[in-house]
Amino acid sequence: MTPEQLKLIKQLAQLGDVTIVKRGTSSLINAISEMNSKALELILEDDVSYQDTTKTIFLQKLKEVFTDFQKEDSKLIPYEGKCNSGECTNKNKKGIAFVGNKSNRYINFIIEEKEDGTVKDIYTCSVFCTNENVINENKRKLDITVYNDEKVNFKPSSSYNYLKNKSITALNEIKQLNDCEISKDEIITWIKSYEELYNSMNWINNYYKYHYSFYWLYYHINEIYKFLIIENEAKIAIDEFKSINLDNEIDLLKWLVKYEHLYNELILLYGNILPEESLQTGNCVLHKDHTVYFKIDILRNCIDLQELLEKHYYEKLNKYNTLSPEEQENQIPFDDDYERTSSLKYHLQTRGII
């Protein structure tokens, strides 16, 4: 044990923060149960890799898990079990499931020991079975993600470094706007600037820390961008609606058919992009991992058109549907025939109305 660690033990002892400093599995389990990061710093060895990454990175990620647990839980209850995968090389290896004492959320670890009883390795297990039936599968499972470039045996290539640097630049542009408003033009400019970078990536094959963060940030902002592109057509649709005589149902039906493709796109606007809270505040967070926000008025035409279509579309679809209740119930979303038979146009043409 290094002089620095001995000094830390004395300091912790004075504070009464930790009583377990032995490097055995039982000490590890107790420290995780108490979510005691300082004790784990002493229990785990410095020059050993855990979940294929360094002790420093592993503990940093574990602390993030603890922070998440501590939103609801004061302690994690340990339950013995083993890997239950039929394909994993770790099948039947023993471990512990740690379950939040209030939330019932959980995280699973396989723990390997050395001959002297100290911890050889610890890593998460995705297919874990406890000896007691204590896991509530409906509760959220927490996990630790180690990216390929965080592993101790990772060797960066020139292409990796190029994509990493580009990703960091893109991420920093958004990060620098934290707590600030981003405009419609700024969103469009950012999307266009990094479109080539995004298209060059495959998130499955580029499972690296910054690549991955950029990929999913771009994916989400691009969904917002798609609605910004719809804005002009949505305005045209709204202006046309204003000239419709609602007493003439044929005119309304023709308008609904003309713009039902937008209805199918705008149905994803709420929830995916605009939560209920944003409709009340007028602001919407650009992405959950950042505090950049935009005024929802930049999507005003989409919002107004979605409300118009919501008010009239399903009323007419239900009125003119040519399928029996049983046929409607047996429709399979996204199969080859679903898009056609679920549209208002199909049923109006079948009836010979338009």
# chains A, B, ... in the order shown; residues from 1 in each chain; ligands from 1
>>> residues_around(residues="Phe69 (chain A)", least_positions_apart="5", cutoff="8 Å", atoms="only C-alpha atoms", output="ChimeraX atom specification")
/A:74,100,105
>>> select_by_dssp(residues="region 27-199 of chain A", states="helix (DSSP H, G or I)", output="JSON, numbers by chain")
{"A": [27, 28, 29, 30, 31, 32, 33, 37, 38, 39, 40, 41, 42, 43, 55, 56, 57, 58, 59, 60, 61, 62, 63, 64, 65, 66, 67, 68, 69, 148, 149, 150, 158, 159, 160, 161, 162, 163, 164, 165, 166, 167, 168, 169, 170, 171, 172, 173, 174, 175, 184, 185, 186, 187, 188, 189, 190, 191, 192, 193, 195, 196, 197, 198, 199]}
>>> closest_residue(among="A:Thr67, A:Gln280, A:Asn301, A:Thr130", to="Asn36 (chain A)", atoms="only C-alpha atoms")
A:Thr67
>>> residues_around(residues="region 50-65 of chain A", least_positions_apart="4", cutoff="12 Å", atoms="only C-alpha atoms", output="PyMOL selection string")
chain A and resi 31-32+34-46+69-71+73+76+98+100+105-112+119-125+141-154
>>> write_last_selection(atoms="C-alpha atoms", output="mmCIF file, in the first residue's frame")
data_model
loop_
_atom_site.group_PDB
_atom_site.id
_atom_site.type_symbol
_atom_site.label_atom_id
_atom_site.label_comp_id
_atom_site.auth_asym_id
_atom_site.auth_seq_id
_atom_site.Cartn_x
_atom_site.Cartn_y
_atom_site.Cartn_z
ATOM 1 C CA ALA A 31 -18.245 -0.968 -0.266
ATOM 2 C CA ILE A 32 -20.512 -1.206 -3.310
ATOM 3 C CA GLU A 34 -22.699 1.365 0.846
ATOM 4 C CA MET A 35 -21.835 3.155 -2.419
ATOM 5 C CA ASN A 36 -18.535 4.083 -0.791
ATOM 6 C CA SER A 37 -16.210 5.276 -3.544
ATOM 7 C CA LYS A 38 -13.383 6.106 -1.141
ATOM 8 C CA ALA A 39 -13.292 2.547 0.195
ATOM 9 C CA LEU A 40 -13.318 1.151 -3.358
ATOM 10 C CA GLU A 41 -10.307 3.314 -4.164
ATOM 11 C CA LEU A 42 -8.406 1.391 -1.495
ATOM 12 C CA ILE A 43 -9.829 -2.062 -2.158
ATOM 13 C CA LEU A 44 -9.140 -2.202 -5.903
ATOM 14 C CA GLU A 45 -5.507 -2.434 -6.983
ATOM 15 C CA ASP A 46 -3.945 0.323 -9.068
ATOM 16 C CA PHE A 69 -28.840 5.261 -7.513
ATOM 17 C CA GLN A 70 -28.556 7.928 -4.812
ATOM 18 C CA LYS A 71 -31.383 9.919 -6.391
ATOM 19 C CA ASP A 73 -31.618 4.850 -2.735
ATOM 20 C CA LEU A 76 -27.711 -1.330 -2.384
ATOM 21 C CA PHE A 98 -26.968 -4.993 -6.205
ATOM 22 C CA GLY A 100 -31.577 -0.329 -4.634
ATOM 23 C CA ARG A 105 -33.319 -0.708 -9.682
ATOM 24 C CA TYR A 106 -30.288 -2.921 -9.976
ATOM 25 C CA ILE A 107 -26.835 -3.555 -11.427
ATOM 26 C CA ASN A 108 -25.177 -6.953 -11.866
ATOM 27 C CA PHE A 109 -21.474 -7.782 -11.467
ATOM 28 C CA ILE A 110 -19.393 -10.889 -12.022
ATOM 29 C CA ILE A 111 -16.584 -10.873 -9.441
ATOM 30 C CA GLU A 112 -13.451 -12.958 -9.989
ATOM 31 C CA VAL A 119 -10.308 -9.148 -6.337
ATOM 32 C CA LYS A 120 -8.964 -10.250 -9.701
ATOM 33 C CA ASP A 121 -11.635 -8.600 -11.858
ATOM 34 C CA ILE A 122 -15.123 -7.159 -11.672
ATOM 35 C CA TYR A 123 -17.402 -6.481 -14.630
ATOM 36 C CA THR A 124 -21.089 -6.091 -15.381
ATOM 37 C CA CYS A 125 -23.211 -8.988 -16.600
ATOM 38 C CA LYS A 141 -31.209 -2.002 -14.891
ATOM 39 C CA LEU A 142 -28.184 0.238 -14.518
ATOM 40 C CA ASP A 143 -24.942 -0.587 -16.277
ATOM 41 C CA ILE A 144 -21.362 0.451 -16.888
ATOM 42 C CA THR A 145 -20.346 1.086 -20.474
ATOM 43 C CA VAL A 146 -16.678 0.830 -21.389
ATOM 44 C CA TYR A 147 -16.041 2.117 -24.893
ATOM 45 C CA ASN A 148 -13.474 0.464 -27.128
ATOM 46 C CA ASP A 149 -11.072 3.392 -26.798
ATOM 47 C CA GLU A 150 -11.245 3.205 -22.988
ATOM 48 C CA LYS A 151 -9.948 -0.357 -22.918
ATOM 49 C CA VAL A 152 -6.369 -0.928 -21.789
ATOM 50 C CA ASN A 153 -5.379 -2.751 -24.984
ATOM 51 C CA PHE A 154 -6.771 -0.121 -27.370
#
>>> closest_residue(among="A:Arg140, A:Lys75, A:His220, A:Lys184", to="Asn101 (chain A)", atoms="only C-alpha atoms")
A:Lys75
>>> residues_around(residues="Glu233 (chain A)", least_positions_apart="4", cutoff="9 Å", atoms="only C-alpha atoms", output="number ranges by chain")
A: 229, 237-238, 262, 301-302
>>> select_by_dssp(residues="region 109-221 of chain A", states="strand (DSSP E)", output="NGL selection string")
:A and (109-113 or 119-124 or 128-130)
>>> residues_around(residues="Ile230 (chain A)", least_positions_apart="2", cutoff="12 Å", atoms="only C-alpha atoms", output="PyMOL selection string")
chain A and resi 223-228+232-237+259+261-263+265-266+269+298-303+305-306
>>> residues_around(residues="region 348-354 of chain A", least_positions_apart="6", cutoff="8 Å", atoms="only C-alpha atoms", output="number ranges by chain")
A: 254, 320, 322
>>> closest_residue(among="A:Arg340, A:Lys94, A:His347, A:Lys166", to="Lys319 (chain A)", atoms="only C-alpha atoms")
A:His347
>>> decode(residues="region 331-347 of chain A", atoms="all heavy atoms", output="tab-separated table (two decimals), in the first residue's frame")
chain	number	residue	atom	x	y	z
A	331	GLN	N	-54.58	-5.57	-38.17
A	331	GLN	CA	-53.56	-4.89	-38.97
A	331	GLN	C	-52.22	-4.94	-38.24
A	331	GLN	O	-52.15	-4.77	-37.03
A	331	GLN	CB	-53.94	-3.44	-39.22
A	331	GLN	CG	-54.98	-3.25	-40.33
A	331	GLN	CD	-55.21	-1.79	-40.62
A	331	GLN	OE1	-55.65	-1.02	-39.77
A	331	GLN	NE2	-54.87	-1.37	-41.83
A	332	ILE	N	-51.16	-5.18	-38.99
A	332	ILE	CA	-49.82	-5.25	-38.42
A	332	ILE	C	-49.03	-4.01	-38.87
A	332	ILE	O	-48.77	-3.83	-40.05
A	332	ILE	CB	-49.08	-6.52	-38.89
A	332	ILE	CG1	-49.88	-7.77	-38.49
A	332	ILE	CG2	-47.67	-6.56	-38.30
A	332	ILE	CD1	-49.29	-9.05	-39.01
A	333	PRO	N	-48.71	-3.12	-37.93
A	333	PRO	CA	-47.96	-1.91	-38.29
A	333	PRO	C	-46.68	-2.23	-39.04
A	333	PRO	O	-45.97	-3.18	-38.70
A	333	PRO	CB	-47.68	-1.26	-36.94
A	333	PRO	CG	-48.77	-1.77	-36.05
A	333	PRO	CD	-49.03	-3.18	-36.51
A	334	PHE	N	-46.41	-1.45	-40.07
A	334	PHE	CA	-45.17	-1.50	-40.84
A	334	PHE	C	-45.05	-2.72	-41.77
A	334	PHE	O	-44.01	-2.93	-42.36
A	334	PHE	CB	-43.93	-1.45	-39.92
A	334	PHE	CG	-43.99	-0.34	-38.93
A	334	PHE	CD1	-44.03	-0.60	-37.56
A	334	PHE	CD2	-44.03	0.99	-39.35
A	334	PHE	CE1	-44.11	0.43	-36.64
A	334	PHE	CE2	-44.11	2.02	-38.43
A	334	PHE	CZ	-44.14	1.74	-37.09
A	335	ASP	N	-46.13	-3.53	-41.88
A	335	ASP	CA	-46.04	-4.60	-42.89
A	335	ASP	C	-46.27	-3.99	-44.26
A	335	ASP	O	-46.56	-2.80	-44.41
A	335	ASP	CB	-47.00	-5.75	-42.58
A	335	ASP	CG	-48.46	-5.40	-42.82
A	335	ASP	OD1	-48.73	-4.26	-43.24
A	335	ASP	OD2	-49.33	-6.26	-42.59
A	336	ASP	N	-46.16	-4.80	-45.31
A	336	ASP	CA	-46.18	-4.28	-46.67
A	336	ASP	C	-47.47	-3.55	-47.02
A	336	ASP	O	-47.47	-2.59	-47.79
A	336	ASP	CB	-45.96	-5.43	-47.68
A	336	ASP	CG	-44.57	-6.02	-47.58
A	336	ASP	OD1	-43.69	-5.33	-47.04
A	336	ASP	OD2	-44.37	-7.17	-48.02
A	337	ASP	N	-48.59	-3.96	-46.44
A	337	ASP	CA	-49.89	-3.41	-46.83
A	337	ASP	C	-50.41	-2.37	-45.84
A	337	ASP	O	-51.38	-1.68	-46.12
A	337	ASP	CB	-50.91	-4.56	-46.93
A	337	ASP	CG	-52.03	-4.25	-47.90
A	337	ASP	OD1	-51.77	-3.61	-48.92
A	337	ASP	OD2	-53.17	-4.65	-47.59
A	338	TYR	N	-49.74	-2.23	-44.70
A	338	TYR	CA	-50.28	-1.39	-43.63
A	338	TYR	C	-50.37	0.08	-44.03
A	338	TYR	O	-51.39	0.73	-43.80
A	338	TYR	CB	-49.42	-1.54	-42.38
A	338	TYR	CG	-49.88	-0.67	-41.23
A	338	TYR	CD1	-50.97	-1.05	-40.45
A	338	TYR	CD2	-49.24	0.54	-40.93
A	338	TYR	CE1	-51.41	-0.26	-39.39
A	338	TYR	CE2	-49.68	1.33	-39.89
A	338	TYR	CZ	-50.76	0.93	-39.13
A	338	TYR	OH	-51.19	1.72	-38.10
A	339	GLU	N	-49.29	0.61	-44.62
A	339	GLU	CA	-49.27	2.03	-44.96
A	339	GLU	C	-50.42	2.39	-45.88
A	339	GLU	O	-51.04	3.45	-45.75
A	339	GLU	CB	-47.93	2.39	-45.60
A	339	GLU	CG	-47.79	3.88	-45.89
A	339	GLU	CD	-46.42	4.24	-46.41
A	339	GLU	OE1	-45.51	3.38	-46.36
A	339	GLU	OE2	-46.25	5.39	-46.87
A	340	ARG	N	-50.73	1.51	-46.83
A	340	ARG	CA	-51.79	1.79	-47.80
A	340	ARG	C	-53.17	1.72	-47.14
A	340	ARG	O	-53.98	2.64	-47.26
A	340	ARG	CB	-51.70	0.80	-48.96
A	340	ARG	CG	-52.78	0.99	-50.05
A	340	ARG	CD	-52.53	0.03	-51.19
A	340	ARG	NE	-52.61	-1.36	-50.74
A	340	ARG	CZ	-53.75	-2.07	-50.74
A	340	ARG	NH1	-54.88	-1.51	-51.15
A	340	ARG	NH2	-53.77	-3.32	-50.33
A	341	THR	N	-53.44	0.62	-46.43
A	341	THR	CA	-54.79	0.41	-45.89
A	341	THR	C	-55.08	1.23	-44.64
A	341	THR	O	-56.22	1.28	-44.19
A	341	THR	CB	-55.00	-1.09	-45.56
A	341	THR	OG1	-54.03	-1.51	-44.61
A	341	THR	CG2	-54.89	-1.93	-46.82
A	342	SER	N	-54.06	1.86	-44.05
A	342	SER	CA	-54.29	2.68	-42.87
A	342	SER	C	-54.45	4.16	-43.23
A	342	SER	O	-54.63	5.00	-42.35
A	342	SER	CB	-53.14	2.53	-41.87
A	342	SER	OG	-51.92	2.99	-42.45
A	343	SER	N	-54.39	4.48	-44.51
A	343	SER	CA	-54.48	5.88	-44.93
A	343	SER	C	-55.92	6.28	-45.26
A	343	SER	O	-56.73	5.46	-45.71
A	343	SER	CB	-53.60	6.12	-46.16
A	343	SER	OG	-54.17	5.50	-47.31
A	344	LEU	N	-56.23	7.51	-45.03
A	344	LEU	CA	-57.54	8.05	-45.37
A	344	LEU	C	-57.77	7.99	-46.87
A	344	LEU	O	-58.89	7.68	-47.33
A	344	LEU	CB	-57.65	9.49	-44.86
A	344	LEU	CG	-58.94	10.25	-45.19
A	344	LEU	CD1	-60.15	9.55	-44.59
A	344	LEU	CD2	-58.86	11.69	-44.71
A	345	LYS	N	-56.75	8.27	-47.64
A	345	LYS	CA	-56.87	8.27	-49.10
A	345	LYS	C	-57.36	6.92	-49.61
A	345	LYS	O	-58.24	6.85	-50.49
A	345	LYS	CB	-55.51	8.59	-49.73
A	345	LYS	CG	-55.52	8.61	-51.25
A	345	LYS	CD	-54.14	8.97	-51.80
A	345	LYS	CE	-54.13	9.00	-53.32
A	345	LYS	NZ	-52.79	9.35	-53.85
A	346	TYR	N	-56.82	5.84	-49.08
A	346	TYR	CA	-57.21	4.49	-49.50
A	346	TYR	C	-58.71	4.27	-49.31
A	346	TYR	O	-59.40	3.78	-50.22
A	346	TYR	CB	-56.42	3.46	-48.70
A	346	TYR	CG	-56.95	2.03	-48.83
A	346	TYR	CD1	-56.65	1.27	-49.94
A	346	TYR	CD2	-57.76	1.49	-47.84
A	346	TYR	CE1	-57.13	-0.04	-50.06
A	346	TYR	CE2	-58.25	0.20	-47.95
A	346	TYR	CZ	-57.93	-0.56	-49.05
A	346	TYR	OH	-58.43	-1.84	-49.18
A	347	HIS	N	-59.24	4.64	-48.17
A	347	HIS	CA	-60.63	4.36	-47.86
A	347	HIS	C	-61.57	5.29	-48.66
A	347	HIS	O	-62.65	4.85	-49.08
A	347	HIS	CB	-60.89	4.51	-46.36
A	347	HIS	CG	-60.07	3.56	-45.55
A	347	HIS	ND1	-60.32	2.20	-45.53
A	347	HIS	CD2	-58.98	3.74	-44.75
A	347	HIS	CE1	-59.46	1.59	-44.75
A	347	HIS	NE2	-58.62	2.50	-44.27
